[in-house]
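Step one of this worksheet: look at the structure below.
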Amino acid sequence: MPTHPSPTPVSIGEAAALAAAHHRDGRLEEALALYGPLQAARPSDPAANALLGTVLAQLGRADEAVPFLSQAARLAPDDPETLNNLALALEADGCPREAADAWNQLGTLLYAQRRHEQAMGLFEKALGLCPGHQGASANLGAALQALGRYAEAVERLSALLTGNPEEAEAYNNLGNAQMGAGDIEAAIASYRRAIGLRLDYFEAYSNLGLALAQRRPGDGPADGEDGDLPSGEDVAGTLVNLGNARGGLDPALDVRGCYEKALELRPDFAPAHWNLALCLLLNGDFAQGWKEYEWRWRWTGFGEEHRPFPQPLWQGEPPLAVGGTLLVTAEQGYGDTMQFARYLPLLVERGYEVVFEVQAPVFTLLWHSLGRYGVRVVPRAETPARVHDDLPFARHVPLMSLPERFGTRLETIPAAIPYLFAEPTRQALWAARLGAAAGPRRKVGIAWKGRPLHSRDRERSIPPAVLAPLLAVADTQFVAVQKHEDGGAGAPAGMIPLDGLLHDFAETAAVIANLDLVITVDTAVAHLAGAMGVPVWVMLPFSPDWRWLLGRSDSPWYPSMTLFRQGRAGDWDSVVAEVARRLSGAGDLSDMGAGS
């Protein structure tokens, strides 16, 4: 009887589909019979190599699988599945050092994706196979640091450096961990050591700038009181006066010089541009600072991405050149949105048709406040590529790029106050409520902490117990004007607690409109009160956010604002005592403007 050959696929695509079907169904030998010819036909295809290597490994032929999986990893180094399968095959083949390399490579990939917990597990797996693996040791320290486990990171990295004192990368990572732990002097020493080992280490120069910036005036290696400081990755607003910063490999190399040196070595290094921007803005150099601030979109640590709109970015072109609606998109925090909303009426004055997309908690406030200027305010869409109701627009611009587009300088900050307003109906309701509760006493709003997830919240927030001298001021009714998002304790005794009633910032604005004064830490309430023209006193940490500048008790952004600054890191007692003293002697608060 004649035999008939079984049907064979007529194309590589069909062969691949059939092989995949066999693989899924567990028919590994049948899949292998097809994967082999596919890989031979496409030896530079990472998928063909990965599939052949994977099925060989599953058949227990690890020694044969490794070459194909290794080839796939070389061709597609960012494929986590291939790296995982390669590491497993190397372990099965009795190659612990090579397997540790693969686990470390996969961990590095996950770390770059901010999957720090998973990355840490892979670094530990690598070290379990090869305890002396320097790359995995350094990376484990970096993962611990990224997770906020600074003491563990310092311990791990210090142990690594005891046996490998020439590891520049480990010293840089150690410095980051020490920054997170608040040991600024130790971090400075670590960054210097990293640079000494690698003179072109641009990342270490940028980090050294951060550490020098956070050093208190007069501090040196012998001074061990460093206060509560943020992670080495948290750079926003951590800079102090350049004239106070000492140190560096070159005695003349100050904070700004460190960033500039990093950029000399790597001109496209976005974190150094971002750090330099904050440094310049803090010191009032807006001309160069706003330009550097645009680098935020090229820094992966910024936390936000450019909206993927097909329409072009607005660069300042006149209304006729725009040819349609200009979309302005809010970014960063609620306070940022309220502070820079001042530019929206200016756009309308110049003839632009403006749509302003904002976060939900500030939508009603801004809809009511900016609508009178002709600004259309819409809530933020759920997906970044869309706009509410698919509104058509011709160009778009992020909100905090507007100062750069307007060419804002310190002396030209638009400060026409107020530009945010309470709704009259809500304001009247709160007038009755607060009037009944406070009687003839002065009504003072208090916000002593910010959003818990904010990266610098531990610096800017004040323990409630520290407020006791302020709450003891006579003839004053204090009102809590903040929400407790962390589920913690409510308002301290002596305040009117409003937490459950402050549904959004429109409600908070209605309360603030009935207060004589607002006293707050650096949080969104400060911007809301300032933008409403209500007298507001802001208590600032020693290392302030860039927008509050240096060495002044007023703010050019808000004429009704007075600033109270820590004299040394972590010292809220002195700040609260000064605020209490000023409030005790203030009497009538109606004239409590900036610096008064």
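Residue numbers start at 1 in each chain; chains themselves are named A, B, ... in the order of the structure tokens; ligands are numbered from 1 in the order shown.
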
Open item on the list: Just list as number ranges by chain whatever in stretch 281-366 of chain A DSSP marks as strand (DSSP E or B).
Closed with: A: 313, 326-329, 354-358

Can those selected residues be exported to a file as a PDB file, in the first residue's frame so that it contains C-alpha atoms?
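Output below, filename out.pdb:
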ATOM      1  CA  LEU A 313       3.208  71.590  21.464  1.00  0.00           C
ATOM      2  CA  LEU A 326      -5.135  75.968  22.983  1.00  0.00           C
ATOM      3  CA  LEU A 327      -5.295  73.122  25.506  1.00  0.00           C
ATOM      4  CA  VAL A 328      -3.457  73.691  28.796  1.00  0.00           C
ATOM      5  CA  THR A 329      -2.953  70.532  30.862  1.00  0.00           C
ATOM      6  CA  VAL A 354      -8.331  78.296  26.051  1.00  0.00           C
ATOM      7  CA  VAL A 355      -9.387  74.956  27.481  1.00  0.00           C
ATOM      8  CA  PHE A 356      -7.835  74.098  30.851  1.00  0.00           C
ATOM      9  CA  GLU A 357      -7.771  70.411  31.856  1.00  0.00           C
ATOM     10  CA  VAL A 358      -7.426  69.962  35.637  1.00  0.00           C
TER      11      VAL A 358
END

Open item on the list: Give me the residues near A:Ala432 as a PyMOL selection string, where near means some atom within 10 Å (using only C-alpha atoms) and where sequence neighbours in that chain fewer than 5 positions away do not count.
Closed with: chain A and resi 427+437+514

Can you spit out the residues from that selection as a PDB file, in the first residue's frame, using N, CA and C atoms?
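File part-v4.pdb, as written:
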ATOM      1  N   GLN A 427     -20.018  80.002  50.471  1.00  0.00           N
ATOM      2  CA  GLN A 427     -19.382  80.933  51.404  1.00  0.00           C
ATOM      3  C   GLN A 427     -20.379  81.411  52.456  1.00  0.00           C
ATOM      4  N   ALA A 437     -19.953  79.051  65.639  1.00  0.00           N
ATOM      5  CA  ALA A 437     -18.976  78.288  66.416  1.00  0.00           C
ATOM      6  C   ALA A 437     -17.929  79.182  67.069  1.00  0.00           C
ATOM      7  N   ASN A 514     -14.072  82.820  54.826  1.00  0.00           N
ATOM      8  CA  ASN A 514     -14.648  83.311  56.074  1.00  0.00           C
ATOM      9  C   ASN A 514     -13.641  83.399  57.206  1.00  0.00           C
TER      10      ASN A 514
END

- [ ] Considering only C-alpha atoms, return as number ranges by chain whatever protein or nucleic-acid residues lie within 8 Å of stretch 95-105 of chain A, sequence-local ones (same chain, fewer than 3 positions apart) excluded.
- [x] A: 83-84, 86-92, 108-109, 122-123, 125-127, 129-130, 133, 135-136

Deliver the residues from the most recent selection as a file, using C-alpha atoms, as a PDB file, in the first residue's frame.
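Dumped everything to part.pdb:
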ATOM      1  CA  LEU A  83      16.172  36.299  30.683  1.00  0.00           C
ATOM      2  CA  ASN A  84      14.099  34.312  33.161  1.00  0.00           C
ATOM      3  CA  LEU A  86      18.017  31.645  30.443  1.00  0.00           C
ATOM      4  CA  ALA A  87      18.679  31.969  34.184  1.00  0.00           C
ATOM      5  CA  LEU A  88      16.688  28.800  34.911  1.00  0.00           C
ATOM      6  CA  ALA A  89      18.477  26.874  32.146  1.00  0.00           C
ATOM      7  CA  LEU A  90      21.885  27.980  33.416  1.00  0.00           C
ATOM      8  CA  GLU A  91      20.994  26.841  36.930  1.00  0.00           C
ATOM      9  CA  ALA A  92      19.855  23.472  35.575  1.00  0.00           C
ATOM     10  CA  THR A 108      18.201  45.414  36.565  1.00  0.00           C
ATOM     11  CA  LEU A 109      15.511  45.418  33.883  1.00  0.00           C
ATOM     12  CA  LEU A 122      16.088  38.587  41.796  1.00  0.00           C
ATOM     13  CA  PHE A 123      19.211  40.287  43.158  1.00  0.00           C
ATOM     14  CA  LYS A 125      18.521  35.053  44.073  1.00  0.00           C
ATOM     15  CA  ALA A 126      21.705  36.001  42.218  1.00  0.00           C
ATOM     16  CA  LEU A 127      23.551  36.410  45.509  1.00  0.00           C
ATOM     17  CA  LEU A 129      23.954  31.437  43.696  1.00  0.00           C
ATOM     18  CA  CYS A 130      27.051  33.611  43.809  1.00  0.00           C
ATOM     19  CA  HIS A 133      28.470  38.890  42.933  1.00  0.00           C
ATOM     20  CA  GLY A 135      26.766  43.774  40.544  1.00  0.00           C
ATOM     21  CA  ALA A 136      23.924  42.067  42.375  1.00  0.00           C
TER      22      ALA A 136
END

- [ ] Measuring atom to atom with only C-alpha atoms, identify which of A:Arg460, A:His503, A:Arg149, A:Arg409 is nearest to A:Trp572.
- [x]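 Of all the options, A:Arg460 lies closest to A:Trp572.
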
Open item on the list: Please list as a ChimeraX atom specification every residue within 12 Å of A:Tyr558, counting only C-alpha atoms and excluding residues in the same chain fewer than 3 positions away.
Closed with: /A:338-340,342,413-419,526-538,547-548,553-555,561-563,593-595

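As for atom CA of A:Asn207 and atom CA of A:Ala187, they are spaced 9.0 Å apart.
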
TODO: Please indicate the distance in Å from atom CA of A:Gln566 to atom CA of A:Met539, rounded to one decimal place.
DONE: 7.8 Å

Open item on the list: When you count only C-alpha atoms, which of these residues is closest to A:Pro361: A:Pro403, A:Gly323, A:Pro384, A:Gly333?
Closed with: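 Ranking A:Pro403, A:Gly323, A:Pro384, A:Gly333 by distance to A:Pro361, first place goes to A:Gly333.
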
Open item on the list: Can you measure atom CA of A:Pro345 to atom CA of A:Thr325 for me? One decimal in Å is fine.
Closed with: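 According to the coordinates, atom CA of A:Pro345 and atom CA of A:Thr325 are separated by 14.4 Å.
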
- [ ] For stretch 64-73 of chain A, please output as a PyMOL selection string all residues within 12 Å (counting only C-alpha atoms; exclusion window: fewer than 2 positions along the same chain).
- [x] chain A and resi 32+35-36+39-40+42-62+75-95+98-99+101-102+105-106

Task: Spatial neighbours of A:Lys291, max dist 12 Å, only C-alpha atoms, sep filter under 2 positions, as a list in words - done: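 The residues satisfying every condition are His273, Trp274, Leu276, Ala277, Leu278, Leu280, Leu281, Asp285, Phe286, Ala287, Gln288, Gly289, Tyr293, Glu294, Trp295, Arg296, Met400, Ser401, Leu402, Pro403, Glu404, Arg405, Phe406, Gly407 and Thr408 of chain A.
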
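Of the listed residues (A:Leu370, A:Gly570, A:Glu203, A:Ala586), A:Glu203 comes nearest to A:Glu264; the distances count only C-alpha atoms.
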
Open item on the list: Residues near A:Leu515, anyone? I mean within 10 Å using only C-alpha atoms, not counting same-chain ones fewer than 3 positions away, as an MDAnalysis selection string.
Closed with: chainID A and resid 430:431 434:435 442:445 477:479 510:512 518 529 534:535 589:590
